[in-house]
Each structure stands twice: as C-alpha cells, then as structure tokens.
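The structure under discussion appears below in the form of structure tokens.
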Amino acid sequence: MRTLHKASAAFAVTALLAVPTTVAFAYGGSRTVKAEGRFVPPSPFHPSKPLTYDSKKVPVGARISVVEHVGGRVGGATTSVRLQVSGLPPNRMYGAHVHTKPCGRTPDASGPHYQNVKDPKKPSTDPAYANSENEVWLDFTTDARGRATAESRHDWRFRPGAARSVVIHEHGTATKHGKAGMAGARLACLTVPFVNTTDVAGTGK
Ligand SMILES: [Cu+2]
C-alpha cells in the first residue's frame with residue numbers, strides 16, 4: 001500500500017514537471033543566453049569583454065557570468081537572470097542591475113536601469129518604478145572567497161533591444177523615495193545579448 005502510494009506520487013511529480021517544458025516549446029520555445037569572462041580595463045580593443053572601472057573593488061581578472069533564461073508558459077512569460085562572480089574582495093556587498101545600453105569606456109555609457117513600466121520622470125528615483133519587481137536587481141554579497149551568486153525572476157520580458165548590460169555598483173540598492181534604485185558608483189559592466197523577444201514567438205509580449 002505504502003509503496004503504491006509513493007509510486008503514484010512520483011509519477012504525479014514527473015507529470016507536473018513535464019508539462020511546462022512541453023508547453024514552453026509548443027508556444028515558441030524557451031531561450032537561454034550566456035555572457036561571461038574576466039574583467040579588463042576599458043579599452044577600444046575589447047568592447048564586449050567585462051569592463052572594470054575600479055580595479056580595487058572589481059579587480060582585473062575577476063570573473064563574471066550572466067545567464068538569462070526566457071521561458072514561455074500559458075498566459076504569460078518568465079525571465080530569469082542569474083549573475084555569478086568570483087575573484088572579488090571577500091565579504092563585501094555590491095549592487096547590480098540590468099541597464100538599457102551596452103557598456104562603454106565610461107561608466108555612464110550603460111544608461112539607466114531597465115524598467116518594465118517606464119517612469120515618466122528621469123532620473124527614476126520613485127519607488128513605484130525603481131523597485132526590484134519593475135527593474136532587475138541582482139545585488140550580492142561576496143563570501144569569504146570572493147564569490148557570489150544572485151538571481152532574479154520576473155513574469156515579464158525585456159522589450160527588444162532595450163536591455164543591454166549588467167552593471168555592478170559600489171553598494172546595495174536603496175529603496176527609499178528619492179533614492180530608490182541608487183547604488184553608488186558604477187564599478188564594472190558586462191554587455192549581455194539579452195534575448196530579443198521578437199525571437200520568441202507566440203507569447204503575446
Ligand atoms: Cu545600476
């Protein structure tokens with residue numbers, strides 16, 4: 001009796017897991033994008049490498065990887081963005097977000113934060129818009145060995161071409177009115193070829 005019960009429970013779990021995968025592919029599939037590398041100082045020769053603007057807080061040679069996974073499901077869409085770093089100073093908190101423009105020679109090149117619903121006011125410091133639901137925040141604290149992982153999930157997708165980089169900031173992201181979304185100086189940047197939503201058919205968004 002007990003064995004039977006276990007077996008059917010296992011079967012039910014398998015069936016549940018199998019359904020979203022099947023549906024995702026039936027409705028245009030899912031996509032995964034990865035960008036990674038070791039930080040270098042900005043130079044015109046390495047426009048797509050991870051760039052550090054502050055080699056004390058984000059050393060040359062430290063590693064970063066960003067994986068975006070976009071999956072379709074009935075009635076919506078999901079975007080997950082996962083950030084992994086190593087080789088940073090230990091036990092230190094950083095802010096990190098998805099920004100709208102590619103990295104450049106200067107920290108400002110990456111533009112403002114990507115927002116699902118755009119704040120009509122610029123710069124956006126209103127917590128109604130500058131929050132971790134409407135933007136992609138990937139704040140992290142390094143462990144004793146200088147490693148960290150952060151992940152964020154949203155039930156929306158990036159507009160085509162409107163999300164282009166992940167920026168690492170000096171400190172954790174503020175949430176109070178007038179300061180929301182602020183995280184200090186831009187220390188480093190990785191240009192990421194986020195999934196172009198027009199590549200993923202049949203999601204309605
Ligand atoms: Cu930022």
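By order in the structure tokens, chains are A, B, ...; within a chain, residues start at 1; ligands start at 1, following the order shown.
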
Hey, which residues come within 12 Å of ligand 1 if we count only C-alpha atoms and all ligand atoms? Could you give them as an NGL selection string?
-> :A and (94-101 or 103 or 107-115 or 123-125 or 130-132 or 135-139 or 163-174 or 180-190)

Per DSSP on the backbone, what are the strand (DSSP E) residues of region 48-158 of chain A, as JSON, numbers by chain?
-> {"A": [51, 52, 63, 64, 65, 66, 67, 68, 69, 70, 71, 72, 73, 76, 77, 78, 79, 80, 81, 82, 83, 84, 85, 86, 93, 94, 95, 96, 97, 98, 99, 140, 141, 148, 149, 150, 151, 152, 153, 154]}

Could you list, as a PDB file with C-alpha atoms, in the first residue's frame, every residue within 6 Å of Ala150 (chain A), counting only C-alpha atoms and ignoring same-chain residues fewer than 3 positions away?
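Just written: out-v2.pdb:
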ATOM      1  CA  ARG A  82      21.416  34.806 -12.897  1.00  0.00           C
ATOM      2  CA  LEU A  83      24.664  36.556 -12.029  1.00  0.00           C
ATOM      3  CA  LEU A 138      20.996  41.485  -8.727  1.00  0.00           C
ATOM      4  CA  PHE A 140      25.003  40.365  -3.918  1.00  0.00           C
TER       5      PHE A 140
END

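Selecting alpha helix (DSSP H) from the backbone DSSP output for region 14-193 of chain A yields Thr14, Ala15, Leu16, Leu17, Ala18, Val19, Pro20, Thr21, Thr22, Val23, Ala24, Phe25 and Ala26 of chain A.
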
File of the preceding selection, N, CA and C atoms, as a compact mmCIF listing (two decimals), in the first residue's frame:
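Output contents, as saved in out_19.txt:
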# COMPACT_ATOMS: atom_id res chain seq x y z
N THR A 14 6.53 13.82 -11.78
CA THR A 14 7.13 13.76 -13.11
C THR A 14 6.21 14.42 -14.13
N ALA A 15 4.93 14.09 -14.03
CA ALA A 15 3.96 14.64 -14.97
C ALA A 15 3.91 16.17 -14.86
N LEU A 16 3.90 16.67 -13.63
CA LEU A 16 3.87 18.12 -13.40
C LEU A 16 5.08 18.81 -14.00
N LEU A 17 6.26 18.21 -13.78
CA LEU A 17 7.50 18.79 -14.29
C LEU A 17 7.51 18.78 -15.81
N ALA A 18 6.94 17.74 -16.38
CA ALA A 18 7.00 17.58 -17.83
C ALA A 18 6.11 18.61 -18.54
N VAL A 19 5.01 18.98 -17.92
CA VAL A 19 4.04 19.85 -18.59
C VAL A 19 4.60 21.21 -19.01
N PRO A 20 5.22 21.97 -18.09
CA PRO A 20 5.68 23.31 -18.51
C PRO A 20 6.68 23.24 -19.66
N THR A 21 7.57 22.26 -19.66
CA THR A 21 8.56 22.14 -20.71
C THR A 21 7.88 21.97 -22.06
N THR A 22 6.95 21.05 -22.09
CA THR A 22 6.22 20.77 -23.33
C THR A 22 5.50 22.02 -23.82
N VAL A 23 4.82 22.67 -22.90
CA VAL A 23 4.06 23.87 -23.25
C VAL A 23 4.99 24.97 -23.77
N ALA A 24 6.13 25.15 -23.09
CA ALA A 24 7.07 26.20 -23.49
C ALA A 24 7.49 26.01 -24.94
N PHE A 25 7.81 24.79 -25.31
CA PHE A 25 8.27 24.58 -26.68
C PHE A 25 7.12 24.70 -27.67
N ALA A 26 5.95 24.24 -27.26
CA ALA A 26 4.79 24.32 -28.14
C ALA A 26 4.45 25.77 -28.44

Counting only C-alpha atoms, which of A:Thr52, A:Asn116, A:Gln84, A:Asn91 gets nearest to Arg159 (chain A)?
-> A:Asn116

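Near Val60 (chain A), within 12 Å and counting only C-alpha atoms, sit Gly37, Arg38, Phe39, Val40, Pro41, Pro42, Lys49, Pro50, Leu51, Thr52, Tyr53, Asp54, Ser55, Ser86, Gly87, Leu88, Pro89, Leu187 and Ala188 of chain A; same-chain residues fewer than 5 positions away were not included.
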
Selection above as a file: N, CA and C atoms, as a PDB file, in the first residue's frame:
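Written out: part-v5.pdb:
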ATOM      1  N   GLY A  37      33.132  36.147 -18.697  1.00  0.00           N
ATOM      2  CA  GLY A  37      34.514  36.477 -18.976  1.00  0.00           C
ATOM      3  C   GLY A  37      35.214  37.039 -17.754  1.00  0.00           C
ATOM      4  N   ARG A  38      36.430  37.489 -17.989  1.00  0.00           N
ATOM      5  CA  ARG A  38      37.227  38.102 -16.919  1.00  0.00           C
ATOM      6  C   ARG A  38      37.309  39.606 -17.161  1.00  0.00           C
ATOM      7  N   PHE A  39      37.232  40.341 -16.074  1.00  0.00           N
ATOM      8  CA  PHE A  39      37.234  41.804 -16.179  1.00  0.00           C
ATOM      9  C   PHE A  39      38.565  42.335 -16.702  1.00  0.00           C
ATOM     10  N   VAL A  40      38.443  43.307 -17.604  1.00  0.00           N
ATOM     11  CA  VAL A  40      39.606  44.037 -18.123  1.00  0.00           C
ATOM     12  C   VAL A  40      39.313  45.528 -17.985  1.00  0.00           C
ATOM     13  N   PRO A  41      40.363  46.348 -18.009  1.00  0.00           N
ATOM     14  CA  PRO A  41      40.110  47.789 -18.006  1.00  0.00           C
ATOM     15  C   PRO A  41      39.481  48.187 -19.342  1.00  0.00           C
ATOM     16  N   PRO A  42      38.692  49.275 -19.369  1.00  0.00           N
ATOM     17  CA  PRO A  42      38.070  49.677 -20.633  1.00  0.00           C
ATOM     18  C   PRO A  42      39.130  50.011 -21.678  1.00  0.00           C
ATOM     19  N   LYS A  49      34.113  42.684 -23.745  1.00  0.00           N
ATOM     20  CA  LYS A  49      34.591  41.999 -22.540  1.00  0.00           C
ATOM     21  C   LYS A  49      34.019  42.664 -21.294  1.00  0.00           C
ATOM     22  N   PRO A  50      33.986  41.919 -20.172  1.00  0.00           N
ATOM     23  CA  PRO A  50      33.584  42.569 -18.918  1.00  0.00           C
ATOM     24  C   PRO A  50      34.569  43.691 -18.591  1.00  0.00           C
ATOM     25  N   LEU A  51      34.054  44.860 -18.256  1.00  0.00           N
ATOM     26  CA  LEU A  51      34.899  46.034 -18.022  1.00  0.00           C
ATOM     27  C   LEU A  51      34.866  46.428 -16.561  1.00  0.00           C
ATOM     28  N   THR A  52      36.040  46.708 -16.004  1.00  0.00           N
ATOM     29  CA  THR A  52      36.077  47.258 -14.650  1.00  0.00           C
ATOM     30  C   THR A  52      36.559  48.700 -14.700  1.00  0.00           C
ATOM     31  N   TYR A  53      35.822  49.544 -13.996  1.00  0.00           N
ATOM     32  CA  TYR A  53      36.187  50.961 -13.916  1.00  0.00           C
ATOM     33  C   TYR A  53      36.889  51.266 -12.586  1.00  0.00           C
ATOM     34  N   ASP A  54      36.944  50.262 -11.705  1.00  0.00           N
ATOM     35  CA  ASP A  54      37.553  50.440 -10.385  1.00  0.00           C
ATOM     36  C   ASP A  54      38.228  49.120 -10.019  1.00  0.00           C
ATOM     37  N   SER A  55      39.515  49.031 -10.329  1.00  0.00           N
ATOM     38  CA  SER A  55      40.187  47.734 -10.201  1.00  0.00           C
ATOM     39  C   SER A  55      40.485  47.347  -8.752  1.00  0.00           C
ATOM     40  N   SER A  86      33.309  35.811  -9.256  1.00  0.00           N
ATOM     41  CA  SER A  86      34.368  35.286  -8.395  1.00  0.00           C
ATOM     42  C   SER A  86      35.602  36.149  -8.568  1.00  0.00           C
ATOM     43  N   GLY A  87      36.470  36.100  -7.556  1.00  0.00           N
ATOM     44  CA  GLY A  87      37.695  36.894  -7.610  1.00  0.00           C
ATOM     45  C   GLY A  87      37.521  38.319  -7.121  1.00  0.00           C
ATOM     46  N   LEU A  88      36.379  38.584  -6.453  1.00  0.00           N
ATOM     47  CA  LEU A  88      36.152  39.924  -5.897  1.00  0.00           C
ATOM     48  C   LEU A  88      36.642  39.957  -4.449  1.00  0.00           C
ATOM     49  N   PRO A  89      36.768  41.165  -3.861  1.00  0.00           N
ATOM     50  CA  PRO A  89      37.102  41.233  -2.442  1.00  0.00           C
ATOM     51  C   PRO A  89      36.058  40.470  -1.614  1.00  0.00           C
ATOM     52  N   LEU A 187      30.957  50.407 -10.839  1.00  0.00           N
ATOM     53  CA  LEU A 187      32.309  49.854 -10.726  1.00  0.00           C
ATOM     54  C   LEU A 187      32.705  49.020 -11.932  1.00  0.00           C
ATOM     55  N   ALA A 188      31.714  48.349 -12.525  1.00  0.00           N
ATOM     56  CA  ALA A 188      32.036  47.391 -13.579  1.00  0.00           C
ATOM     57  C   ALA A 188      30.797  47.122 -14.414  1.00  0.00           C
TER      58      ALA A 188
END

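Interatomic distance, CA of His69 (chain A) against CA of Met93 (chain A): 24.9 Å.
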